[in-house]
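Content type compact mmCIF, C-alpha atoms and all ligand atoms, from the file protein-v1.txt:
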```txt
# COMPACT_ATOMS: atom_id res chain seq x y z
CA MET S 66 7.83 -25.13 -1.53
CA ILE S 67 8.43 -23.23 -4.74
CA THR S 68 9.97 -19.80 -4.78
CA LEU S 69 9.63 -17.84 -7.98
CA LYS S 70 12.18 -15.55 -9.57
CA VAL S 71 11.46 -11.92 -8.71
CA LEU S 72 12.09 -9.55 -11.61
CA LYS S 73 14.47 -6.73 -10.79
CA TYR S 74 14.68 -3.24 -12.26
CA PRO S 75 15.36 -2.54 -15.16
CA ASP S 76 13.56 -5.68 -16.44
CA ILE S 77 11.08 -4.38 -19.01
CA ASN S 78 8.51 -6.98 -17.98
CA LEU S 79 7.91 -4.85 -14.87
CA LYS S 80 6.22 -2.35 -17.18
CA LYS S 81 3.61 -4.82 -18.40
CA LYS S 82 0.00 -4.36 -17.36
CA ALA S 83 -1.84 -7.20 -15.65
CA GLU S 84 -5.24 -8.51 -16.69
CA ASN S 85 -8.18 -9.43 -14.52
CA VAL S 86 -8.37 -13.00 -13.29
CA LYS S 87 -11.51 -14.53 -14.78
CA ILE S 88 -11.61 -17.93 -13.14
CA ILE S 89 -9.87 -18.93 -9.91
CA ASP S 90 -8.69 -22.37 -10.94
CA THR S 91 -5.97 -24.61 -9.49
CA ASN S 92 -3.30 -22.77 -11.49
CA ILE S 93 -4.28 -19.45 -9.95
CA LYS S 94 -4.39 -21.00 -6.47
CA LYS S 95 -0.97 -22.54 -7.01
CA LEU S 96 0.41 -19.24 -8.29
CA ALA S 97 -0.93 -17.36 -5.23
CA LYS S 98 0.59 -19.95 -2.90
CA ASN S 99 3.96 -19.74 -4.66
CA MET S 100 3.80 -15.95 -4.57
CA ILE S 101 3.31 -16.10 -0.79
CA GLU S 102 6.28 -18.46 -0.43
CA THR S 103 8.36 -16.12 -2.61
CA MET S 104 7.35 -13.03 -0.63
CA LEU S 105 8.13 -14.67 2.72
CA TYR S 106 11.41 -16.15 1.47
CA ASN S 107 12.53 -12.66 0.38
CA ASN S 108 11.27 -10.98 3.56
CA GLY S 109 8.87 -8.84 1.56
CA ILE S 110 5.60 -7.42 2.86
CA GLY S 111 3.94 -7.48 -0.55
CA LEU S 112 4.32 -8.98 -3.99
CA ALA S 113 2.43 -8.46 -7.23
CA ALA S 114 2.14 -11.14 -9.93
CA THR S 115 3.80 -8.70 -12.35
CA GLN S 116 6.99 -9.08 -10.30
CA VAL S 117 7.09 -12.81 -11.02
CA ASN S 118 6.37 -12.15 -14.70
CA VAL S 119 2.72 -13.16 -14.65
CA GLN S 120 0.35 -10.53 -16.05
CA LYS S 121 -2.60 -11.30 -13.81
CA LYS S 122 -4.15 -9.07 -11.17
CA ILE S 123 -3.00 -10.93 -8.08
CA ILE S 124 -1.36 -9.42 -5.02
CA VAL S 125 -0.14 -11.07 -1.85
CA ILE S 126 0.50 -9.09 1.31
CA ASN S 127 2.08 -9.96 4.63
CA ILE S 128 1.87 -6.95 6.91
CA THR S 129 1.59 -8.62 10.27
CA SER S 130 3.06 -11.90 11.34
CA PHE S 131 -0.03 -12.90 13.28
CA ILE S 132 -2.51 -12.73 10.43
CA ARG S 133 -2.25 -15.11 7.51
CA PRO S 134 -0.92 -13.48 4.32
CA LEU S 135 -3.64 -11.82 2.29
CA ILE S 136 -4.41 -12.86 -1.28
CA ILE S 137 -6.06 -10.05 -3.22
CA ILE S 138 -7.39 -10.67 -6.72
CA ASN S 139 -8.60 -8.03 -9.20
CA PRO S 140 -8.21 -5.11 -6.77
CA LYS S 141 -9.82 -1.83 -7.70
CA ILE S 142 -9.55 1.38 -5.70
CA ILE S 143 -13.07 2.73 -5.30
CA TYR S 144 -12.38 5.54 -2.84
CA LYS S 145 -9.34 7.53 -1.76
CA LYS S 146 -8.78 10.40 0.62
CA GLY S 147 -5.93 12.42 2.07
CA TYR S 148 -2.21 12.00 1.58
CA SER S 149 0.72 10.27 3.17
CA PHE S 150 4.41 10.45 2.36
CA GLU S 151 6.40 7.43 3.55
CA LEU S 152 9.59 5.55 2.71
CA GLU S 153 8.98 2.55 0.49
CA GLY S 154 11.10 -0.35 -0.60
CA CYS S 155 10.47 -3.00 -3.24
CA LEU S 156 11.76 -6.50 -3.93
CA SER S 157 12.35 -5.40 -7.53
CA PHE S 158 14.61 -2.55 -6.29
CA PRO S 159 16.92 -4.14 -3.69
CA ASN S 160 18.41 -1.72 -1.15
CA ILE S 161 16.57 1.28 -2.53
CA PHE S 162 14.16 3.28 -0.43
CA ILE S 163 12.33 6.37 -1.56
CA LYS S 164 9.58 8.52 -0.19
CA VAL S 165 6.39 8.18 -2.17
CA LYS S 166 3.26 10.30 -2.04
CA ARG S 167 0.21 8.10 -1.59
CA ASN S 168 -3.36 8.46 -0.51
CA LYS S 169 -3.84 8.07 3.23
CA ILE S 170 -7.15 6.26 3.14
CA ILE S 171 -8.24 3.92 0.40
CA LYS S 172 -11.17 1.64 -0.10
CA ILE S 173 -10.75 -1.25 -2.50
CA LYS S 174 -12.96 -3.94 -3.86
CA PHE S 175 -11.42 -7.29 -4.74
CA ILE S 176 -12.11 -10.99 -4.83
CA ASP S 177 -10.49 -13.44 -2.48
CA ILE S 178 -9.04 -16.85 -3.29
CA ASN S 179 -12.49 -18.41 -2.87
CA GLY S 180 -13.99 -16.06 -5.44
CA LYS S 181 -15.88 -14.06 -2.84
CA ASN S 182 -16.36 -10.30 -3.33
CA ASN S 183 -14.78 -8.15 -0.65
CA ILE S 184 -14.50 -4.50 0.32
CA LEU S 185 -11.59 -3.30 2.41
CA THR S 186 -10.98 0.16 3.85
CA THR S 187 -7.55 0.93 5.26
CA ASP S 188 -5.51 3.94 6.34
CA ASN S 189 -2.22 2.50 7.53
CA LEU S 190 0.74 0.51 6.20
CA LEU S 191 -1.70 -1.80 4.44
CA SER S 192 -3.07 1.18 2.51
CA ILE S 193 0.41 2.16 1.29
CA CYS S 194 1.33 -1.43 0.51
CA LEU S 195 -1.86 -1.97 -1.50
CA GLN S 196 -1.28 1.20 -3.53
CA HIS S 197 2.32 0.10 -4.21
CA GLU S 198 1.24 -3.37 -5.36
CA ILE S 199 -1.69 -2.09 -7.44
CA ASP S 200 0.82 0.18 -9.18
CA HIS S 201 2.86 -2.91 -10.07
CA LEU S 202 -0.22 -4.46 -11.71
CA ASN S 203 -0.43 -1.34 -13.87
CA GLY S 204 3.25 -1.49 -14.80
CA ILE S 205 4.19 1.34 -12.46
CA THR S 206 7.24 0.92 -10.21
CA LEU S 207 9.23 2.93 -7.69
CA TYR S 208 11.30 4.16 -10.64
CA ASP S 209 8.29 6.11 -11.87
CA LYS S 210 8.00 7.75 -8.44
CA MET S 211 11.61 8.90 -8.28
CA SER S 212 12.88 12.41 -8.76
CA PRO S 213 14.84 13.04 -11.99
CA LEU S 214 18.07 13.10 -9.95
CA LYS S 215 17.37 9.72 -8.29
CA LYS S 216 16.49 8.25 -11.69
CA LYS S 217 19.85 9.41 -13.05
CA LEU S 218 21.74 7.92 -10.11
CA LEU S 219 19.91 4.60 -10.49
CA GLU S 220 20.61 4.42 -14.21
CA LYS S 221 24.35 4.71 -13.50
CA PHE S 222 24.38 1.33 -11.73
CO CO S 301 7.28 -3.40 -5.27
```

Please lay out the structure from this file as structure tokens.
Amino acid sequence: MITLKVLKYPDINLKKKAENVKIIDTNIKKLAKNMIETMLYNNGIGLAATQVNVQKKIIVINITSFIRPLIIINPKIIYKKGYSFELEGCLSFPNIFIKVKRNKIIKIKFIDINGKNNILTTDNLLSICLQHEIDHLNGITLYDKMSPLKKKLLEKF
């Protein structure tokens, strides 16, 4: 088992944008597996490759304990509707929780670890988690979602 180092705010690498995965080779499969180990080890429900300093569009998600963790490659939001406003945490921001405005329903297309095209529509915690992790792939973190006052408080630490 290999756990990877999770970048923490204010690491500037968290601002880097990820690129599409072109070929799912053994390195990508190994990375996804290690990301899952890292997420579970840190009790996270989601992790983006950006957080382990790899600029590739890979997300792992572990919302429910009874379904195997999801591996989502090259996600793209193709539909969104409505709004939700829920507390979010992040492994890159330990012990910080802020309310973030998200879309309620999203539909994404992505490829799975076998290279198969998939479409997923969701309106619950998975929807919020996906939007959070897709933000990471675009270099956007909880910091960017904070009010000016919260940003100031965070910068003091
Ligand atoms: Co996060």

Inset, instruction - Give the residue list for ligand CO 301 (chain S) at 8 Å, counting all atoms listed in the file, as a PyMOL selection string, sorted by chain and then by residue number. - result: chain S and resi 111-113+116+154-158+197-198+201+206-207

Residue selection dump (C-alpha atoms) as a PDB file, keeping the file's coordinate frame:
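New file again-v1.pdb:
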```
ATOM      1  CA  GLY S 111       3.940  -7.480  -0.550  1.00  0.00           C
ATOM      2  CA  LEU S 112       4.320  -8.980  -3.990  1.00  0.00           C
ATOM      3  CA  ALA S 113       2.430  -8.460  -7.230  1.00  0.00           C
ATOM      4  CA  GLN S 116       6.990  -9.080 -10.300  1.00  0.00           C
ATOM      5  CA  GLY S 154      11.100  -0.350  -0.600  1.00  0.00           C
ATOM      6  CA  CYS S 155      10.470  -3.000  -3.240  1.00  0.00           C
ATOM      7  CA  LEU S 156      11.760  -6.500  -3.930  1.00  0.00           C
ATOM      8  CA  SER S 157      12.350  -5.400  -7.530  1.00  0.00           C
ATOM      9  CA  PHE S 158      14.610  -2.550  -6.290  1.00  0.00           C
ATOM     10  CA  HIS S 197       2.320   0.100  -4.210  1.00  0.00           C
ATOM     11  CA  GLU S 198       1.240  -3.370  -5.360  1.00  0.00           C
ATOM     12  CA  HIS S 201       2.860  -2.910 -10.070  1.00  0.00           C
ATOM     13  CA  THR S 206       7.240   0.920 -10.210  1.00  0.00           C
ATOM     14  CA  LEU S 207       9.230   2.930  -7.690  1.00  0.00           C
TER      15      LEU S 207
END
```

Inset, instruction - Enter the distance from atom CA of Val165 of chain S to atom CA of Asp200 of chain S, in Å, rounded to one decimal. - result: 12.0 Å

Legend entry - Residue among S:Leu190, S:Ala83, S:Leu152, S:Ile137 lying closest to Lys164 of chain S, counting only C-alpha atoms: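 Nearest to Lys164 of chain S: S:Leu152.
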
Inset, instruction - Give me, please, the distance in Å between atom CA of Tyr74 of chain S and atom CA of Lys221 of chain S, quoted to one decimal. - result: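 Atom CA of Lys221 of chain S lies at a distance of 12.6 Å from atom CA of Tyr74 of chain S.
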
Inset, instruction - Choose the residue, out of S:Lys174, S:Arg167, S:Lys80, S:Arg133, that has the smallest atom-to-atom separation from Tyr208 of chain S; count all atoms listed in the file. - result: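 Among the listed residues, S:Lys80 lies closest to Tyr208 of chain S.
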
Legend entry - Interatomic distance (Å, one decimal) between atom CA of Tyr144 of chain S and atom CA of Lys122 of chain S: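 Atom CA of Tyr144 of chain S sits 18.7 Å away from atom CA of Lys122 of chain S.
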
Legend entry - 9 Å contact set for Asn99 of chain S, only C-alpha atoms, chain neighbours under 6 positions out, as a list in words: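 What passes the distance filter is Met66, Ile67, Thr68 and Leu69 of chain S.
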
Legend entry - Best match for closeness to Lys146 of chain S among S:Asn92, S:Thr186, S:Asn108, S:Asn203, counting only C-alpha atoms: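 Looking only at the distances to Lys146 of chain S, the closest residue turns out to be S:Thr186.
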
Inset, instruction - Can you work out which one of S:Leu214, S:Ile205, S:Ile184, S:Met104 has the shortest atom-to-atom distance to Leu79 of chain S, counting all atoms listed in the file? - result: S:Ile205

What's the 12 Å shell around Ile138 of chain S, counting all atoms listed in the file, without same-chain residues fewer than 2 positions away, as a compact mmCIF listing (two decimals) with C-alpha atoms, in the frame of the given file?
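Written file, out_3.txt:
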```
# COMPACT_ATOMS: atom_id res chain seq x y z
CA ALA S 83 -1.84 -7.20 -15.65
CA GLU S 84 -5.24 -8.51 -16.69
CA ASN S 85 -8.18 -9.43 -14.52
CA VAL S 86 -8.37 -13.00 -13.29
CA LYS S 87 -11.51 -14.53 -14.78
CA ILE S 88 -11.61 -17.93 -13.14
CA ILE S 89 -9.87 -18.93 -9.91
CA ILE S 93 -4.28 -19.45 -9.95
CA LYS S 94 -4.39 -21.00 -6.47
CA LEU S 96 0.41 -19.24 -8.29
CA ALA S 97 -0.93 -17.36 -5.23
CA ALA S 113 2.43 -8.46 -7.23
CA ALA S 114 2.14 -11.14 -9.93
CA LYS S 121 -2.60 -11.30 -13.81
CA LYS S 122 -4.15 -9.07 -11.17
CA ILE S 123 -3.00 -10.93 -8.08
CA ILE S 124 -1.36 -9.42 -5.02
CA VAL S 125 -0.14 -11.07 -1.85
CA ILE S 126 0.50 -9.09 1.31
CA LEU S 135 -3.64 -11.82 2.29
CA ILE S 136 -4.41 -12.86 -1.28
CA PRO S 140 -8.21 -5.11 -6.77
CA LYS S 141 -9.82 -1.83 -7.70
CA ILE S 173 -10.75 -1.25 -2.50
CA LYS S 174 -12.96 -3.94 -3.86
CA PHE S 175 -11.42 -7.29 -4.74
CA ILE S 176 -12.11 -10.99 -4.83
CA ASP S 177 -10.49 -13.44 -2.48
CA ILE S 178 -9.04 -16.85 -3.29
CA ASN S 179 -12.49 -18.41 -2.87
CA GLY S 180 -13.99 -16.06 -5.44
CA LYS S 181 -15.88 -14.06 -2.84
CA ASN S 182 -16.36 -10.30 -3.33
CA ASN S 183 -14.78 -8.15 -0.65
CA ILE S 184 -14.50 -4.50 0.32
CA LEU S 195 -1.86 -1.97 -1.50
CA GLU S 198 1.24 -3.37 -5.36
CA ILE S 199 -1.69 -2.09 -7.44
CA LEU S 202 -0.22 -4.46 -11.71
```

Legend entry - Non-local contacts of Thr187 of chain S (6 Å; all atoms listed in the file; under 5 positions in same chain excluded) as JSON, numbers by chain: {"S": [170, 171, 192]}

Specify the axis-aligned box that encloses all atoms of segment 93-112 of chain S listed in the file after padding of 4 Å on each side, stating its centre and edge lengths in Å to one decimal as JSON.
```
{"center_x": 4.1, "center_y": -15.0, "center_z": -3.2, "size_x": 24.9, "size_y": 23.1, "size_z": 21.5}
```

Inset, instruction - Determine the nearest neighbour of Lys210 of chain S from the options S:Ile77, S:Leu185, S:Ile193, S:Ile163, counting all atoms listed in the file. - result: S:Ile163
